[in-house]
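Read through the structure below, which is laid out as structure tokens, and then see the notes.
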Protein chains: 2
Amino acid sequence: MKILIVDDHPLFRAGFHAVLEQSALEAGVLSVSSVPEALQALQKDSDIGLVLLDIHLKGDDGFAALKVIGERFPTTACIMISGDEQNSVAARAVQSGASGFIPKSFTADEMTVAIQKVLAGEVFVPETTNLTAAEQPNGLTLRQLEVISMLGRGFSNKEIARALDVAERTVKAHVSAVFEALNVRNRTQAVLVAQRRGFLPSTPVYANAR
Amino acid sequence: MKILIVDDHPLFRAGFHAVLEQSALEAGVLSVSSVPEALQALQKDSDIGLVLLDIHLKGDDGFAALKVIGERFPTTACIMISGDEQNSVAARAVQSGASGFIPKSFTADEMTVAIQKVLAGEVFVPETTNLTAAEQPNGLTLRQLEVISMLGRGFSNKEIARALDVAERTVKAHVSAVFEALNVRNRTQAVLVAQRRGFLPSTPVYANAR
DNA sequence: CGCCCCCTAGTCCGCACGTACCATGGCCGG
DNA sequence: CCGGCCATGGTACGTGCGGACTAGGGGGCG
């Protein structure tokens, strides 16, 4: 597993590099200074499992970059980094598909912990940042979790429909809702993202609902 | 993460238990003596990420159990254990979907290493066991591995075709071949099985947790 | 009481997926 | 040298998937 740093400020880049290499994380570290370089690196090295992405990149919007990376490499986790500590920024980052948010004011230790949590499937935001229930980590409804737990075992819509005792059309509605929530376009990506965010594999759920 | 031991011999069960708990592995350990109990435990505790399965269970065929576990809990890795060191047994175990093979003659250290490797996504077989190219862990051709590595990132046939610069029809041929080789019916299942067998960089969740 | 969200579900549609059958060319091993 | 496996693809076909649009019943909340 490797971690890719995307920051156009050489000082921060070097700092992150040092922090990560001296941490307990057993991960390779790459760094680039622009989004195109980042995309190239991701394309070339499929072992990159996490991207640390600075929001303030000259000439490039970090959120746009987050979106592009999410679309082209849906299984790669992204942590947004910013000097800015505004709740709204962290919230927007997570809502845009980031797996976490780290302000530059973090110490090396805090940063390491945050990264470990994200790698373990959690969504990390600083404690001071409180997101409302609506925009909480998973953001999925109970029904959607049930559905994705079956997606995560390779079942078809029809099979899920039988198991949940609803029409196949209803399953499709849930599946589509899950896609939107996870910002993916097909079931395989949904499963991969769900795995990464840690809400899969989940307990086999059958008839306990109603 | 927890490890489940399935062995009907109390002495071995206790031995494994002790070895695992004193090892560097930070994992809970459960043990049962039969396949039905194992299935029950898997159902109840979704945190079980690895099953150590004795091939010689009285009244139950270990390979059949492997198959059942693979079908019902496709994301749970299985290591087969046997007093028998025959190559053929190890080969058959891996071919049947096991993520590894451990002879009972292994020392505690060897066992710990083997388990760590499997948890990190590798397929472990003792060095003395040499599988021929034909019955190698995956049994997939190079092209098929390329294809499944892209399946494993949620790409569509068309996208894979573009990336490999071949017709979409050809991709379909490879995908179908992979399905047959892995004994699955759709791409999501293929990805899950591939992850479990370790020839897909599966989510770094477990790999990084230790 | 509206407003909103969730679960349910219907039709329609276009594309993706997976399979069947078949064919060519390359390469390897008996 | 020929049979076999592999990669390549072409047509065709049935089914699965996913989106667009629509909609009613139920529950929570201001």
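Order determines the names: the first chain of the structure tokens is A, the second B, and so forth; residues in each chain are numbered 1 upward, and ligands are numbered 1 upward as they are shown.
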
Using only C-alpha atoms (C1' of nucleotides), find which residues of chain A lie within 10 Å of chain D and jot them down as a compact mmCIF listing (two decimals) with C-alpha atoms, in the first residue's frame.
```txt
# COMPACT_ATOMS: atom_id res chain seq x y z
CA SER A 156 -28.58 -9.92 -8.11
CA ASN A 157 -31.46 -7.48 -7.71
CA LYS A 158 -33.88 -10.34 -8.12
CA LYS A 172 -33.41 -1.05 -7.81
CA ALA A 173 -34.56 2.13 -6.13
CA VAL A 175 -29.52 0.32 -5.12
CA SER A 176 -29.70 3.56 -7.06
CA PHE A 179 -24.99 4.60 -5.76
CA ARG A 185 -22.01 4.21 -10.97
CA ASN A 186 -22.31 0.44 -10.64
CA ARG A 187 -22.70 -2.27 -8.05
```

What is the Cα root-mean-square deviation, to one decimal place in Å, for chain A superposed on chain B with all Cα atoms matched in order?
-> 5.7 Å

Going by DSSP on the backbone, which bits of range 6-208 of chain A are helix (DSSP H, G or I)? Write them as an NGL selection string, please.
-> :A and (10-22 or 35-44 or 62-72 or 87-95 or 108-119 or 133-135 or 142-151 or 157-164 or 168-182 or 187-197)

Which chain B residues have any atom within 6 Å of an atom of chain A, and for each, what is the nearest pair of atoms with distance in Å to one decimal, counting only C-alpha atoms, rows sorted by chain and number, as a Markdown table?
```
| residue | atom | partner | partner_atom | distance |
| --- | --- | --- | --- | --- |
| B:Ser46 | CA | A:Thr203 | CA | 5.5 |
| B:Gly154 | CA | A:Gln189 | CA | 4.6 |
| B:Thr188 | CA | A:Gly154 | CA | 5.1 |
| B:Gln189 | CA | A:Gly154 | CA | 4.5 |
| B:Val205 | CA | A:Ala120 | CA | 4.9 |
```

Let's have the selection written as a PDB file, in the first residue's frame, with N, CA and C atoms.
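So the final result, stored in selection_35.pdb, reads:
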```pdb
ATOM      1  N   SER B  46     -19.837 -11.175  12.852  1.00  0.00           N
ATOM      2  CA  SER B  46     -19.400 -10.779  11.508  1.00  0.00           C
ATOM      3  C   SER B  46     -17.956 -10.276  11.518  1.00  0.00           C
ATOM      4  N   GLY B 154     -13.927  -1.835 -10.407  1.00  0.00           N
ATOM      5  CA  GLY B 154     -15.268  -1.397 -10.766  1.00  0.00           C
ATOM      6  C   GLY B 154     -15.439  -0.908 -12.191  1.00  0.00           C
ATOM      7  N   THR B 188     -19.426  -8.991  -9.712  1.00  0.00           N
ATOM      8  CA  THR B 188     -19.256  -8.659  -8.300  1.00  0.00           C
ATOM      9  C   THR B 188     -18.759  -9.877  -7.524  1.00  0.00           C
ATOM     10  N   GLN B 189     -19.358 -11.020  -7.786  1.00  0.00           N
ATOM     11  CA  GLN B 189     -18.911 -12.246  -7.122  1.00  0.00           C
ATOM     12  C   GLN B 189     -17.466 -12.551  -7.498  1.00  0.00           C
ATOM     13  N   VAL B 205      -7.902  -2.756   4.378  1.00  0.00           N
ATOM     14  CA  VAL B 205      -8.431  -2.684   5.733  1.00  0.00           C
ATOM     15  C   VAL B 205      -7.705  -3.651   6.660  1.00  0.00           C
TER      16      VAL B 205
END
```

Two-atom distance - C1' of DC6 in chain C, CA of Gly100 in chain A (Å) =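 CA of Gly100 in chain A lies at a distance of 27.4 Å from C1' of DC6 in chain C.
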
Contact set, chain A to chain C: 12 Å, only C-alpha atoms (C1' of nucleotides), as a ChimeraX atom specification | /A:134,140-144,165-174,177,186

Selection from above, N, CA and C atoms, as a CSV table (one decimal), in the first residue's frame, can you write it?
```csv
chain,number,residue,atom,x,y,z
A,134,ALA,N,-27.5,14.1,9.4
A,134,ALA,CA,-27.8,13.9,8.0
A,134,ALA,C,-26.5,13.7,7.2
A,140,LEU,N,-26.2,6.4,5.0
A,140,LEU,CA,-27.1,5.4,4.4
A,140,LEU,C,-28.3,5.1,5.4
A,141,THR,N,-29.4,4.8,4.8
A,141,THR,CA,-30.5,4.4,5.6
A,141,THR,C,-30.4,2.9,6.0
A,142,LEU,N,-31.2,2.5,6.9
A,142,LEU,CA,-31.1,1.1,7.3
A,142,LEU,C,-31.3,0.2,6.2
A,143,ARG,N,-32.4,0.5,5.4
A,143,ARG,CA,-32.7,-0.3,4.3
A,143,ARG,C,-31.6,-0.4,3.3
A,144,GLN,N,-31.0,0.7,3.1
A,144,GLN,CA,-29.9,0.8,2.1
A,144,GLN,C,-28.7,-0.1,2.6
A,165,ASP,N,-38.2,-9.7,0.4
A,165,ASP,CA,-39.7,-9.8,0.1
A,165,ASP,C,-40.3,-8.5,-0.3
A,166,VAL,N,-39.7,-7.9,-1.3
A,166,VAL,CA,-40.2,-6.7,-2.0
A,166,VAL,C,-40.1,-6.9,-3.5
A,167,ALA,N,-40.6,-6.0,-4.2
A,167,ALA,CA,-40.5,-6.1,-5.7
A,167,ALA,C,-39.1,-5.7,-6.1
A,168,GLU,N,-38.7,-6.3,-7.3
A,168,GLU,CA,-37.3,-6.0,-7.8
A,168,GLU,C,-37.2,-4.5,-8.0
A,169,ARG,N,-38.2,-3.9,-8.5
A,169,ARG,CA,-38.2,-2.5,-8.7
A,169,ARG,C,-37.7,-1.7,-7.5
A,170,THR,N,-38.2,-2.1,-6.3
A,170,THR,CA,-37.9,-1.4,-5.1
A,170,THR,C,-36.4,-1.6,-4.8
A,171,VAL,N,-35.9,-2.8,-5.0
A,171,VAL,CA,-34.5,-3.0,-4.8
A,171,VAL,C,-33.7,-2.1,-5.7
A,172,LYS,N,-34.1,-1.9,-6.9
A,172,LYS,CA,-33.4,-1.0,-7.8
A,172,LYS,C,-33.4,0.4,-7.3
A,173,ALA,N,-34.5,0.8,-6.7
A,173,ALA,CA,-34.6,2.1,-6.1
A,173,ALA,C,-33.5,2.3,-5.0
A,174,HIS,N,-33.5,1.3,-4.1
A,174,HIS,CA,-32.5,1.3,-3.0
A,174,HIS,C,-31.1,1.3,-3.6
A,177,ALA,N,-30.2,4.6,-4.9
A,177,ALA,CA,-29.9,5.5,-3.8
A,177,ALA,C,-28.5,5.3,-3.2
A,186,ASN,N,-21.9,1.8,-10.5
A,186,ASN,CA,-22.3,0.4,-10.6
A,186,ASN,C,-22.1,-0.3,-9.3
```

Near range 30-41 of chain A, within 10 Å and counting only C-alpha atoms (C1' of nucleotides), which residues show up once chain neighbours fewer than 2 positions away are dropped, as a short mmCIF file (atom, residue, chain, number, x, y, z; two decimals) with C-alpha atoms, in the first residue's frame?
```
data_model
loop_
_atom_site.label_atom_id
_atom_site.label_comp_id
_atom_site.auth_asym_id
_atom_site.auth_seq_id
_atom_site.Cartn_x
_atom_site.Cartn_y
_atom_site.Cartn_z
CA LYS A 2 1.23 3.45 -0.87
CA ILE A 3 0.14 6.92 0.05
CA LEU A 4 0.19 9.76 -2.46
CA ILE A 5 0.62 13.34 -1.33
CA VAL A 6 -0.74 16.06 -3.59
CA ASP A 7 0.37 19.52 -2.49
CA ASP A 8 1.95 22.34 -4.43
CA HIS A 9 3.80 23.68 -1.43
CA PRO A 10 7.24 21.97 -1.29
CA ARG A 13 5.11 18.10 0.91
CA ALA A 14 8.44 17.41 2.57
CA PHE A 16 4.15 15.14 5.23
CA HIS A 17 6.70 12.89 3.65
CA ALA A 27 3.20 2.35 3.62
CA GLY A 28 5.21 3.73 0.75
CA GLN A 43 -2.77 5.40 -13.23
CA LYS A 44 0.75 4.08 -13.13
CA ASP A 45 0.78 2.69 -9.63
CA SER A 46 -2.32 0.74 -8.72
CA ILE A 48 -1.85 3.66 -4.14
CA VAL A 51 -4.43 10.21 -1.45
CA LEU A 52 -3.71 13.21 0.75
CA LEU A 53 -5.08 16.09 -1.23
CA ASP A 54 -4.49 19.74 -0.46
CA LEU A 57 -3.76 23.95 -5.22
CA LYS A 58 -2.74 26.74 -7.49
CA GLY A 59 -4.66 26.63 -10.74
CA ASP A 60 -6.74 23.72 -9.59
CA ASP A 61 -9.69 23.36 -7.29
CA GLY A 62 -9.18 20.65 -4.70
CA ALA A 64 -12.83 19.30 -8.47
CA ALA A 65 -9.73 17.13 -8.10
CA LEU A 66 -11.50 15.08 -5.43
CA VAL A 68 -12.08 13.47 -10.69
CA ILE A 69 -10.13 11.08 -8.51
CA ARG A 72 -11.51 7.61 -12.15
CA PHE A 73 -10.26 5.73 -9.09
#
```

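Separating CA of Ala93 in chain B from CA of Phe63 in chain B is a distance of 7.2 Å.
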
Length of the CA of Lys67 in chain A to CA of Ser23 in chain A vector [Å] = 28.5 Å

Extract the full set of strand (DSSP E or B) residues from range 10-46 of chain A according to DSSP on the backbone, and format it as number ranges by chain.
-> A: 28-32

For the residues selected in the previous step, produce a file with C-alpha atoms as a PDB file, in the first residue's frame.
```
ATOM      1  CA  GLY A  28       5.214   3.730   0.754  1.00  0.00           C
ATOM      2  CA  VAL A  29       4.986   7.467   0.235  1.00  0.00           C
ATOM      3  CA  LEU A  30       4.881   9.312  -3.065  1.00  0.00           C
ATOM      4  CA  SER A  31       4.369  12.995  -3.579  1.00  0.00           C
ATOM      5  CA  VAL A  32       3.446  15.221  -6.460  1.00  0.00           C
TER       6      VAL A  32
END
```
